[in-house]
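S.K.: Below is the file work.txt, which contains compact mmCIF, C-alpha atoms.
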# COMPACT_ATOMS: atom_id res chain seq x y z
CA MET A 1 -10.67 12.19 61.65
CA ALA A 2 -11.79 14.58 58.91
CA THR A 3 -11.84 12.54 55.71
CA LYS A 4 -13.90 12.11 52.60
CA GLN A 5 -14.42 9.03 50.48
CA VAL A 6 -13.33 8.77 46.85
CA GLU A 7 -12.57 5.98 44.39
CA VAL A 8 -8.95 4.95 44.01
CA ARG A 9 -9.07 6.05 40.36
CA ASP A 10 -9.62 9.66 41.52
CA LEU A 11 -6.23 9.80 43.24
CA ASP A 12 -3.28 11.53 41.63
CA GLU A 13 0.33 12.42 42.30
CA GLY A 14 0.57 15.28 44.79
CA SER A 15 -2.84 14.63 46.34
CA TYR A 16 -3.53 13.11 49.75
CA VAL A 17 -4.74 9.66 50.77
CA MET A 18 -5.17 7.75 54.02
CA ILE A 19 -2.94 4.65 54.24
CA ASP A 20 -2.99 2.60 57.47
CA ASP A 21 -5.05 5.43 59.05
CA VAL A 22 -2.22 7.88 58.39
CA PRO A 23 -2.57 10.90 56.08
CA CYS A 24 -0.08 10.60 53.20
CA THR A 25 1.04 12.58 50.15
CA ILE A 26 1.07 10.58 46.91
CA ASN A 27 4.48 10.44 45.20
CA ALA A 28 3.61 7.99 42.42
CA TYR A 29 0.34 6.65 41.04
CA SER A 30 0.25 3.90 38.42
CA THR A 31 -2.25 1.42 37.10
CA ALA A 32 -1.98 -2.06 35.62
CA LYS A 33 -4.39 -4.71 34.48
CA PRO A 34 -3.74 -7.62 36.82
CA GLY A 35 -5.12 -10.48 34.72
CA LYS A 36 -7.03 -11.18 31.55
CA HIS A 37 -10.41 -10.55 33.10
CA GLY A 38 -9.65 -8.70 36.31
CA SER A 39 -10.38 -5.05 36.80
CA ALA A 40 -7.52 -2.57 36.64
CA LYS A 41 -5.48 -2.13 39.78
CA ALA A 42 -3.80 1.00 41.01
CA ARG A 43 -0.60 1.22 42.98
CA VAL A 44 0.06 4.23 45.15
CA GLU A 45 3.43 5.15 46.59
CA ALA A 46 3.16 7.77 49.28
CA GLU A 47 4.74 9.19 52.38
CA GLY A 48 3.19 10.33 55.61
CA VAL A 49 2.37 14.05 55.57
CA PHE A 50 3.40 14.45 59.18
CA ASP A 51 5.83 11.58 59.80
CA GLY A 52 7.51 11.34 56.37
CA LYS A 53 7.34 7.51 56.42
CA LYS A 54 6.91 5.71 53.10
CA ARG A 55 3.67 3.78 52.67
CA ASN A 56 2.28 1.95 49.62
CA LEU A 57 -1.02 0.45 48.65
CA SER A 58 -2.41 -1.63 45.81
CA GLN A 59 -6.16 -1.56 45.20
CA PRO A 60 -8.66 -2.03 42.36
CA VAL A 61 -9.30 1.36 40.77
CA ASP A 62 -13.00 1.18 41.68
CA ALA A 63 -12.31 0.51 45.39
CA LYS A 64 -13.38 3.18 47.85
CA ILE A 65 -10.70 4.93 49.82
CA ARG A 66 -10.53 7.77 52.32
CA VAL A 67 -8.77 11.02 51.63
CA PRO A 68 -7.82 13.27 54.56
CA ILE A 69 -9.03 16.83 54.66
CA ILE A 70 -5.92 18.85 55.34
CA ASN A 71 -6.08 22.61 55.62
CA ARG A 72 -3.32 24.88 54.36
CA LYS A 73 -3.16 27.90 56.65
CA GLN A 74 -1.18 31.09 57.17
CA GLY A 75 0.75 31.79 60.35
CA GLN A 76 3.32 34.16 61.75
CA VAL A 77 6.37 33.31 63.82
CA VAL A 78 6.06 34.86 67.29
CA SER A 79 9.34 33.63 68.70
CA THR A 80 11.96 30.98 68.13
CA SER A 81 13.73 28.86 70.69
CA GLY A 82 16.96 29.15 68.77
CA GLY A 83 16.67 25.41 68.19
CA ASP A 84 14.41 23.50 65.84
CA GLU A 85 11.06 24.84 67.06
CA ALA A 86 9.09 28.07 66.69
CA GLN A 87 6.09 29.62 68.41
CA VAL A 88 3.58 30.35 65.65
CA MET A 89 0.34 32.33 65.65
CA ASP A 90 -2.40 31.47 63.19
CA LEU A 91 -3.30 34.61 61.23
CA GLU A 92 -7.04 33.85 61.16
CA THR A 93 -7.79 32.48 64.60
CA PHE A 94 -4.81 34.03 66.47
CA ASP A 95 -4.25 30.65 68.20
CA THR A 96 -0.62 30.15 69.12
CA PHE A 97 1.23 26.84 69.17
CA THR A 98 4.69 25.34 68.82
CA LEU A 99 5.80 23.91 65.47
CA ALA A 100 8.90 21.99 64.50
CA LEU A 101 10.98 23.77 61.87
CA PRO A 102 11.82 21.86 58.68
CA ASP A 103 15.43 20.63 58.55
CA GLY A 104 17.92 23.35 57.71
CA VAL A 105 15.41 26.20 57.97
CA SER A 106 15.84 29.07 60.39
CA MET A 107 13.09 31.53 61.23
CA GLU A 108 12.91 35.00 62.71
CA PRO A 109 10.01 36.52 64.65
CA ASP A 110 7.41 38.14 62.30
CA ASP A 111 8.27 35.70 59.45
CA GLU A 112 5.07 34.56 57.75
CA ILE A 113 4.71 30.88 57.08
CA GLU A 114 2.27 28.40 55.57
CA TYR A 115 1.42 25.28 57.47
CA LEU A 116 -0.71 22.17 57.05
CA GLU A 117 -3.24 21.34 59.72
CA MET A 118 -5.23 18.19 60.25
CA GLU A 119 -6.96 18.02 63.63
CA SER A 120 -4.17 18.40 66.17
CA GLN A 121 -1.33 17.69 63.71
CA ARG A 122 0.49 20.59 62.09
CA LYS A 123 3.49 20.93 59.83
CA ILE A 124 5.29 23.90 58.27
CA VAL A 125 5.54 23.73 54.48
CA MET B 1 1.06 -20.95 38.46
CA PHE B 2 4.64 -21.82 37.56
CA PRO B 3 5.04 -25.51 38.48
CA GLY B 4 6.45 -25.84 41.98
CA ALA B 5 6.02 -22.13 42.77
CA ALA B 6 3.47 -22.79 45.50
CA ALA B 7 4.88 -20.67 48.32
CA ALA B 8 2.70 -18.00 49.90
CA ARG B 9 3.78 -14.42 49.39
CA ALA B 10 4.60 -14.03 53.06
CA ASP B 11 7.05 -16.95 52.88
CA ALA B 12 8.57 -16.13 49.48
CA ALA B 13 12.31 -16.22 48.87
CA TYR B 14 11.65 -15.80 45.12
CA ALA B 15 8.69 -14.11 43.47
CA LEU B 16 7.79 -14.81 39.87
CA VAL B 17 5.93 -11.94 38.22
CA GLY B 18 4.48 -12.32 34.72
CA ALA B 19 4.85 -9.12 32.68
CA PRO B 20 3.12 -9.72 29.34
CA LEU B 21 4.02 -6.38 27.73
CA ASP B 22 3.89 -6.56 23.92
CA ALA B 23 3.72 -2.89 22.97
CA SER B 24 6.89 -1.99 21.10
CA THR B 25 7.61 -5.40 19.55
CA SER B 26 8.93 -4.41 16.16
CA PHE B 27 8.82 -7.64 14.15
CA GLU B 28 6.96 -10.79 15.13
CA PRO B 29 4.52 -10.15 17.99
CA GLY B 30 3.39 -12.57 20.68
CA ALA B 31 5.58 -11.70 23.69
CA ARG B 32 2.31 -11.14 25.55
CA PHE B 33 1.95 -14.93 25.64
CA GLY B 34 5.43 -15.40 27.14
CA PRO B 35 4.44 -15.84 30.80
CA ASP B 36 1.74 -18.40 29.93
CA ARG B 37 4.11 -20.31 27.65
CA VAL B 38 6.94 -20.37 30.17
CA ARG B 39 4.64 -21.68 32.91
CA ARG B 40 3.19 -24.30 30.56
CA TYR B 41 6.49 -25.66 29.28
CA ALA B 42 7.87 -25.93 32.81
CA GLU B 43 5.24 -28.60 33.51
CA ALA B 44 7.43 -31.47 32.33
CA PHE B 45 10.45 -30.74 34.54
CA ASP B 46 11.43 -32.89 37.48
CA ASP B 47 11.17 -31.09 40.79
CA TYR B 48 14.58 -32.38 41.89
CA ASP B 49 17.87 -30.83 40.72
CA HIS B 50 20.66 -33.35 41.02
CA ARG B 51 23.44 -30.76 40.64
CA THR B 52 22.43 -28.69 43.66
CA ASP B 53 20.58 -31.50 45.48
CA ARG B 54 17.47 -29.37 45.85
CA HIS B 55 13.75 -29.60 45.12
CA PHE B 56 12.35 -26.57 43.32
CA SER B 57 9.10 -26.77 45.26
CA GLU B 58 11.05 -26.44 48.53
CA LEU B 59 12.83 -23.22 47.54
CA SER B 60 9.95 -20.89 48.57
CA VAL B 61 9.08 -19.66 45.09
CA TYR B 62 5.87 -17.65 44.91
CA ASP B 63 4.00 -16.97 41.67
CA HIS B 64 2.49 -13.48 41.85
CA GLY B 65 0.60 -14.04 38.59
CA ASP B 66 0.66 -11.60 35.71
CA ILE B 67 0.57 -7.83 35.86
CA GLY B 68 -1.14 -6.80 32.66
CA PRO B 69 -0.06 -3.69 30.84
CA THR B 70 -2.12 -0.59 30.31
CA ALA B 71 -1.78 1.71 27.29
CA ASP B 72 0.82 3.88 29.02
CA THR B 73 4.11 1.91 29.12
CA GLU B 74 5.89 4.36 31.42
CA GLU B 75 3.08 4.10 33.94
CA TYR B 76 3.09 0.32 33.59
CA LEU B 77 6.81 0.25 34.33
CA THR B 78 6.18 2.38 37.43
CA TYR B 79 3.62 -0.16 38.61
CA LEU B 80 5.89 -3.08 37.87
CA ARG B 81 8.89 -1.41 39.50
CA GLY B 82 6.77 -0.73 42.57
CA THR B 83 5.56 -4.32 42.81
CA CYS B 84 9.09 -5.71 42.39
CA GLY B 85 10.27 -3.21 45.03
CA ASP B 86 7.57 -4.36 47.46
CA LEU B 87 8.57 -7.98 46.91
CA ARG B 88 12.23 -7.16 47.51
CA GLU B 89 11.37 -5.33 50.73
CA GLU B 90 9.45 -8.42 51.80
CA GLY B 91 12.62 -10.47 51.30
CA ALA B 92 11.97 -12.06 47.90
CA VAL B 93 14.15 -11.96 44.79
CA PRO B 94 11.93 -10.89 41.87
CA LEU B 95 11.85 -13.16 38.81
CA LEU B 96 10.20 -11.26 35.96
CA VAL B 97 8.89 -13.24 32.99
CA GLY B 98 8.22 -11.12 29.90
CA GLY B 99 6.83 -9.87 27.80
CA GLU B 100 9.10 -7.75 25.68
CA HIS B 101 12.51 -6.72 26.97
CA THR B 102 11.23 -3.31 28.10
CA VAL B 103 9.92 -4.89 31.32
CA THR B 104 13.55 -5.31 32.40
CA VAL B 105 13.68 -1.55 32.97
CA ALA B 106 11.24 -1.98 35.86
CA GLY B 107 13.18 -4.92 37.30
CA VAL B 108 16.47 -3.02 37.16
CA ARG B 109 14.98 0.11 38.73
CA ALA B 110 13.59 -1.98 41.59
CA ALA B 111 16.83 -3.91 42.20
CA ASP B 112 19.19 -0.92 41.81
CA PRO B 113 22.22 -3.07 40.89
CA ASP B 114 25.83 -2.02 40.31
CA VAL B 115 26.20 -4.25 37.25
CA PHE B 116 23.64 -5.07 34.59
CA VAL B 117 24.36 -8.46 33.00
CA CYS B 118 22.39 -9.43 29.96
CA LEU B 119 22.22 -12.29 27.48
CA ASP B 120 21.01 -10.67 24.28
CA ALA B 121 21.53 -10.74 20.51
CA HIS B 122 21.07 -6.97 20.44
CA LEU B 123 23.00 -4.19 22.12
CA ASP B 124 19.75 -2.43 23.07
CA LEU B 125 21.68 0.83 23.43
CA ARG B 126 19.40 2.97 21.31
CA GLU B 127 18.02 6.18 22.76
CA SER B 128 14.75 5.39 21.03
CA TYR B 129 13.48 3.14 18.28
CA ALA B 130 10.71 4.09 15.87
CA GLY B 131 10.21 7.21 17.99
CA ASP B 132 9.69 5.21 21.17
CA PRO B 133 12.15 5.88 24.04
CA LEU B 134 10.74 2.84 25.85
CA SER B 135 11.21 0.47 22.93
CA HIS B 136 12.57 -3.02 23.59
CA ALA B 137 15.70 -1.83 21.72
CA THR B 138 16.59 0.73 24.47
CA VAL B 139 16.84 -1.54 27.50
CA THR B 140 20.60 -1.54 28.12
CA ARG B 141 20.65 2.24 27.84
CA HIS B 142 17.93 2.53 30.48
CA ALA B 143 19.71 -0.03 32.67
CA LEU B 144 22.82 2.17 32.56
CA ASP B 145 20.80 4.99 34.12
CA VAL B 146 20.72 2.77 37.21
CA ALA B 147 23.75 0.47 37.03
CA ASP B 148 27.36 1.64 36.81
CA ARG B 149 28.16 -0.74 33.98
CA ALA B 150 26.64 -3.30 31.66
CA VAL B 151 27.88 -6.63 30.33
CA VAL B 152 26.04 -7.77 27.20
CA LEU B 153 26.79 -11.40 26.42
CA GLY B 154 26.07 -12.77 22.97
CA ALA B 155 25.43 -9.39 21.34
CA ARG B 156 25.99 -9.58 17.62
CA THR B 157 24.04 -6.73 16.13
CA GLY B 158 23.30 -3.06 16.61
CA SER B 159 23.30 0.25 14.81
CA GLU B 160 26.55 2.10 14.19
CA ALA B 161 25.67 4.53 17.00
CA GLU B 162 25.00 1.64 19.37
CA TRP B 163 28.39 0.06 18.65
CA GLU B 164 29.99 3.44 19.32
CA ARG B 165 28.16 3.69 22.64
CA ALA B 166 29.19 0.09 23.39
CA SER B 167 32.86 1.02 22.99
CA GLU B 168 32.72 3.24 26.09
CA ALA B 169 34.18 2.00 29.35
CA ASP B 170 30.89 1.22 31.06
CA VAL B 171 29.81 -1.37 28.48
CA THR B 172 31.39 -4.79 27.92
CA VAL B 173 30.26 -6.73 24.88
CA VAL B 174 31.02 -10.44 24.79
CA ASP B 175 30.83 -12.01 21.35
CA PRO B 176 28.76 -15.22 21.17
CA ALA B 177 31.93 -17.18 20.42
CA ASP B 178 33.51 -15.92 23.67
CA VAL B 179 30.57 -16.50 26.00
CA ALA B 180 31.85 -19.98 26.90
CA ASP B 181 35.03 -18.47 28.34
CA TRP B 182 33.51 -15.46 30.08
CA GLU B 183 33.89 -15.28 33.84
CA PRO B 184 32.04 -12.83 36.10
CA ASP B 185 34.38 -10.09 37.30
CA PHE B 186 32.30 -8.56 40.07
CA ASP B 187 33.87 -6.91 43.09
CA ALA B 188 32.86 -8.42 46.42
CA ASP B 189 30.49 -5.58 47.20
CA GLU B 190 28.95 -5.27 43.72
CA SER B 191 25.38 -6.42 43.17
CA ALA B 192 24.19 -7.60 39.78
CA TYR B 193 20.97 -7.89 37.87
CA LEU B 194 20.64 -10.69 35.32
CA SER B 195 18.43 -10.30 32.27
CA VAL B 196 17.99 -13.14 29.79
CA ASP B 197 16.64 -12.04 26.44
CA ILE B 198 15.90 -15.39 24.84
CA ASP B 199 17.00 -14.05 21.43
CA GLY B 200 20.56 -14.10 22.74
CA PHE B 201 20.45 -17.82 22.01
CA ASP B 202 20.73 -19.09 18.50
CA PRO B 203 17.31 -19.04 16.86
CA ALA B 204 17.75 -22.72 16.10
CA TYR B 205 17.23 -23.31 19.83
CA ALA B 206 14.76 -20.51 20.57
CA PRO B 207 12.77 -19.69 17.46
CA GLY B 208 9.80 -18.36 19.39
CA THR B 209 11.02 -14.81 19.78
CA GLY B 210 10.20 -11.52 18.13
CA THR B 211 13.53 -10.47 16.61
CA LYS B 212 15.59 -13.52 15.66
CA GLU B 213 19.30 -13.14 14.99
CA PRO B 214 21.41 -16.09 13.77
CA PHE B 215 24.80 -17.17 15.16
CA GLY B 216 23.80 -16.95 18.78
CA ILE B 217 24.72 -18.43 22.14
CA GLU B 218 24.57 -22.17 22.76
CA PRO B 219 22.07 -23.11 25.51
CA ARG B 220 24.68 -24.87 27.65
CA GLU B 221 26.94 -21.79 27.55
CA GLY B 222 24.08 -19.49 28.49
CA ARG B 223 23.10 -21.75 31.35
CA ARG B 224 26.63 -21.57 32.73
CA VAL B 225 26.40 -17.76 32.72
CA VAL B 226 23.08 -17.93 34.56
CA ARG B 227 24.51 -20.30 37.16
CA GLU B 228 27.59 -18.17 37.73
CA VAL B 229 25.85 -14.79 37.92
CA ALA B 230 22.90 -16.00 40.03
CA PRO B 231 24.69 -15.88 43.41
CA HIS B 232 25.51 -12.18 42.81
CA ALA B 233 22.09 -11.22 41.47
CA ALA B 234 19.49 -9.07 43.22
CA GLY B 235 16.97 -9.66 40.46
CA PHE B 236 16.37 -11.78 37.37
CA ASP B 237 14.25 -11.77 34.29
CA VAL B 238 13.71 -13.82 31.17
CA VAL B 239 12.01 -12.04 28.30
CA GLU B 240 11.02 -12.00 24.63
CA VAL B 241 9.50 -15.49 24.54
CA ASN B 242 6.52 -15.62 22.19
CA ASP B 243 4.16 -18.35 21.04
CA ARG B 244 5.43 -18.76 17.47
CA ASP B 245 7.27 -22.05 17.91
CA ASP B 246 6.66 -25.48 19.38
CA GLY B 247 7.74 -24.42 22.83
CA GLN B 248 11.51 -24.41 22.29
CA ALA B 249 11.97 -20.79 23.44
CA ALA B 250 9.59 -21.20 26.38
CA VAL B 251 11.13 -24.43 27.64
CA LEU B 252 14.62 -22.93 27.47
CA ALA B 253 13.39 -19.82 29.32
CA ALA B 254 11.70 -21.93 32.00
CA LYS B 255 14.79 -24.08 32.46
CA LEU B 256 17.02 -21.01 32.82
CA LEU B 257 14.67 -19.48 35.36
CA ARG B 258 14.91 -22.68 37.36
CA ALA B 259 18.70 -22.77 36.92
CA PHE B 260 18.83 -19.24 38.34
CA VAL B 261 16.78 -20.20 41.39
CA TYR B 262 18.72 -23.41 42.10
CA SER B 263 22.08 -21.66 41.85
CA HIS B 264 20.98 -18.62 43.83
CA ALA B 265 19.49 -20.82 46.55
CA ALA B 266 22.54 -23.06 46.70
CA ASP B 267 24.67 -20.01 47.48
CA ARG B 268 22.45 -18.66 50.25
As structure tokens, please, write out the structure in this file.
M.R.:
Amino acid sequence: MATKQVEVRDLDEGSYVMIDDVPCTINAYSTAKPGKHGSAKARVEAEGVFDGKKRNLSQPVDAKIRVPIINRKQGQVVSTSGGDEAQVMDLETFDTFTLALPDGVSMEPDDEIEYLEMESQRKIV
Amino acid sequence: MFPGAAAARADAAYALVGAPLDASTSFEPGARFGPDRVRRYAEAFDDYDHRTDRHFSELSVYDHGDIGPTADTEEYLTYLRGTCGDLREEGAVPLLVGGEHTVTVAGVRAADPDVFVCLDAHLDLRESYAGDPLSHATVTRHALDVADRAVVLGARTGSEAEWERASEADVTVVDPADVADWEPDFDADESAYLSVDIDGFDPAYAPGTGTKEPFGIEPREGRRVVREVAPHAAGFDVVEVNDRDDGQAAVLAAKLLRAFVYSHAADR
């Protein structure tokens, strides 16, 4: 999986992190000093980029952690099923694939979209 | 470790978290020593509680240790709220030991109660104090951002604006003289959060606290409140104990924490 390594202290709200081998978006980042002589600890509250599940972690700020490399790409809707999926063509590679539409969003052919891609996982933003 | 709090985190029904915040203390400092003092003065207690016929060490209490503050109080509260939330999700009732009263804000946010019940000399309804919106004098106001209503038992002082705010329908103030007769009035589906600011008690009983206020609650009356609210409570804290006495404030705090656990466990 495409990741890079950083220290926990480099994380921030809005950025990505791997928790339980799942790419997540950070919703809250906070630090505390756990004891009189311990090093500072960071607590990260996040949710899966692709599955939306909440995941947390607590680590010393100098611990190493993996951050997923997620690409933000442009696409164009080719067709819609009328349901909750759309056929999308990537505007750089011209690959086509099916993407789930976000809740409550309807799309028309030729609509341009942005989507996140990490290996075989994709999500419309 | 708090005496008798030897359970592992995975088995915890109660989780004690030390929160030695001492940032906005406006008069006598030392709340940062509260968690240490409370643990120390609990050493002399018997494990067995005759009233509930229970041993404290068998009630699955886990001591998480202290979470030390950083310079940014809001961020610290986020951390503390997150830790208390994790513990709740794991099935434990958080027991915060302050630290100044501000740590309650994290406990309340994690527990998300309907009713905030507090023993306190002060209304703590200020929007800010000395320019600090997270001052220990703002706690009830922050709690009301989460809870639908607040009951402040033993309150006997506040600014004019605080007394005006306290006259609104979502705040009940119980005078120290009336605490003995107060009965919880929770609906069956209402959850509570119980916060014990040790300065709610008369300073003759709890002199080791940062902002003493005479004519306070009697310990026996406060203990009755703790026992009666405990079965309804999703979270508990005891705060504002410092190290400027001979242990009176700490031993009262420790005893009330144990009273909470015994009564909560007896109702399970």
S.K.: Show which residues sit within 9 Å of Gly14 of chain A, as a ChimeraX atom specification. Count only C-alpha atoms, and ignore same-chain residues fewer than 5 positions away.
M.R.: /A:25-28
S.K.: Neighbouring residues of segment 134-149 of chain B were defined as those with any atom within 6 Å, considering only C-alpha atoms; residues of the same chain fewer than 6 positions away were excluded. Please report them as a PyMOL selection string.
M.R.: chain B and resi 24+101-102+113-115+124-127+170-171
S.K.: Which distance in Å separates atom CA of Asp49 of chain B and atom CA of Ala265 of chain B, to one decimal?
M.R.: 11.7 Å
S.K.: Contacts between chain B and chain A, please, where a residue of chain A counts if it comes within 12 Å (with only C-alpha atoms); show its shortest atom pair and distance in Å to one decimal, rows by chain and ascending number, as CSV.
M.R.:
residue,atom,partner,partner_atom,distance
A:Asn27,CA,B:Thr78,CA,11.3
A:Ala28,CA,B:Thr78,CA,7.9
A:Tyr29,CA,B:Tyr79,CA,7.9
A:Ser30,CA,B:Tyr79,CA,5.3
A:Thr31,CA,B:Tyr79,CA,6.3
A:Ala32,CA,B:Pro69,CA,5.4
A:Lys33,CA,B:Gly68,CA,4.3
A:Pro34,CA,B:Ile67,CA,4.4
A:Gly35,CA,B:Gly68,CA,5.8
A:Lys36,CA,B:Gly68,CA,7.4
A:His37,CA,B:Gly68,CA,10.0
A:Gly38,CA,B:Gly68,CA,9.5
A:Ser39,CA,B:Gly68,CA,10.3
A:Ala40,CA,B:Thr70,CA,8.6
A:Lys41,CA,B:Ile67,CA,9.2
A:Ala42,CA,B:Tyr79,CA,7.9
A:Arg43,CA,B:Tyr79,CA,6.2
A:Val44,CA,B:Tyr79,CA,8.6
A:Glu45,CA,B:Gly82,CA,7.9
A:Ala46,CA,B:Gly82,CA,11.4
A:Lys54,CA,B:Asp86,CA,11.6
A:Arg55,CA,B:Asp86,CA,10.4
A:Asn56,CA,B:Asp86,CA,8.5
A:Leu57,CA,B:Asp86,CA,9.9
A:Ser58,CA,B:Thr83,CA,8.9
A:Gln59,CA,B:Tyr79,CA,11.9
S.K.: Determine the nearest neighbour of Thr93 of chain A from the options A:Gln74, A:Ser15, A:Ser81, A:Ser120, counting all atoms listed in the file.
M.R.: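 Of the candidates, the smallest distance to Thr93 of chain A is held by A:Gln74.
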S.K.: Restricting the calculation to only C-alpha atoms: of B:Ala44, B:Val225, B:Val105, B:Ala188, which residue gets closest to Val117 of chain B?
M.R.: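 Result for the nearest residue to Val117 of chain B: B:Val225.
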S.K.: If you count all atoms listed in the file, which residues fall within 9 Å of Glu90 of chain B, apart from same-chain ones fewer than 6 positions away, as a list in words?
M.R.: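 Near neighbours after the sequence-gap exclusion: Arg9, Ala10, Asp11, Ala12 and Ala13 of chain B.
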S.K.: Quick one: of B:Ala23, B:Ala249, B:Cys84, B:Ala161, who's nearest to Ala111 of chain B, counting all atoms listed in the file?
M.R.: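 Result for the nearest residue to Ala111 of chain B: B:Cys84.
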S.K.: So how far away is atom CA of Ser263 of chain B from atom CA of Thr52 of chain B, in Å?
M.R.: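 That distance, rounded to one decimal, is 7.3 Å.
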